[in-house]
Amino acid sequence: MELRQLEYLVAVVEEASFTKAAARLHVAQPGVSAQVRQLERELGQSLLDRSGRTVRPTEAGAAVLPYARAALAAVDGARL
């Protein structure tokens, strides 16, 4: 699990879109998709519901989200 994967997951959930998350992060959309897929594989759970026009967290994704945000906040705190 990498911080970048957690950052991408949080951005996708907040933007409800892989494309908008990629634009916000200034990276290519396929890279965001690949990193989130790899995180899902590592955790053995689907974290995002991609079935509609917008992307929403699954139950597992909603459970992981606070930990992802906390990890990112801890890293930001350490940098300060």
# chains A, B, ... in the order shown; residues from 1 in each chain; ligands from 1
call {"tool": "select_by_dssp", "arguments": {"residues": "chain A", "states": "strand (DSSP E or B)", "output": "count of residues only"}}
result
4
call {"tool": "residues_around", "arguments": {"residues": "Asp49 (chain A)", "least_positions_apart": "3", "cutoff": "10 Å", "atoms": "only C-alpha atoms", "output": "ChimeraX atom specification"}}
result
/A:46,52,54-59,61
call {"tool": "residues_around", "arguments": {"residues": "Ala70 (chain A)", "least_positions_apart": "6", "cutoff": "12 Å", "atoms": "only C-alpha atoms", "output": "count of residues only"}}
result
7
call {"tool": "residues_around", "arguments": {"residues": "Leu43 (chain A)", "least_positions_apart": "3", "cutoff": "10 Å", "atoms": "only C-alpha atoms", "output": "list in words"}}
result
Met1, Arg37, Gln38, Leu39, Glu40, Ser46, Leu47, Ala60 and Val64 of chain A
call {"tool": "atom_distance", "arguments": {"atom1": "CA of Gln5 (chain A)", "atom2": "CA of Val32 (chain A)"}}
result
8.0 Å
call {"tool": "select_by_dssp", "arguments": {"residues": "chain A", "states": "alpha helix (DSSP H)", "output": "NGL selection string"}}
result
:A and (3-15 or 18-25 or 29-43 or 59-79)
call {"tool": "atom_distance", "arguments": {"atom1": "CA of Ala28 (chain A)", "atom2": "CA of Ala63 (chain A)"}}
result
26.5 Å
call {"tool": "closest_residue", "arguments": {"among": "A:Arg53, A:Arg41, A:Arg79, A:Arg69", "to": "Glu14 (chain A)", "atoms": "only C-alpha atoms"}}
result
A:Arg69
call {"tool": "closest_atom_pairs", "arguments": {"of": "region 33-65 of chain A", "to": "region 23-27 of chain A", "cutoff": "12 Å", "atoms": "only C-alpha atoms", "output": "Markdown table"}}
result
| residue | atom | partner | partner_atom | distance |
| --- | --- | --- | --- | --- |
| A:Ser33 | CA | A:Val27 | CA | 10.8 |
| A:Ala34 | CA | A:Val27 | CA | 11.9 |
| A:Gln35 | CA | A:Val27 | CA | 11.6 |
call {"tool": "write_last_selection", "arguments": {"atoms": "C-alpha atoms", "output": "mmCIF file, in the first residue's frame"}}
result
data_model
loop_
_atom_site.group_PDB
_atom_site.id
_atom_site.type_symbol
_atom_site.label_atom_id
_atom_site.label_comp_id
_atom_site.auth_asym_id
_atom_site.auth_seq_id
_atom_site.Cartn_x
_atom_site.Cartn_y
_atom_site.Cartn_z
ATOM 1 C CA SER A 33 -7.445 3.933 -12.309
ATOM 2 C CA ALA A 34 -4.491 1.549 -12.255
ATOM 3 C CA GLN A 35 -3.324 2.622 -8.803
#
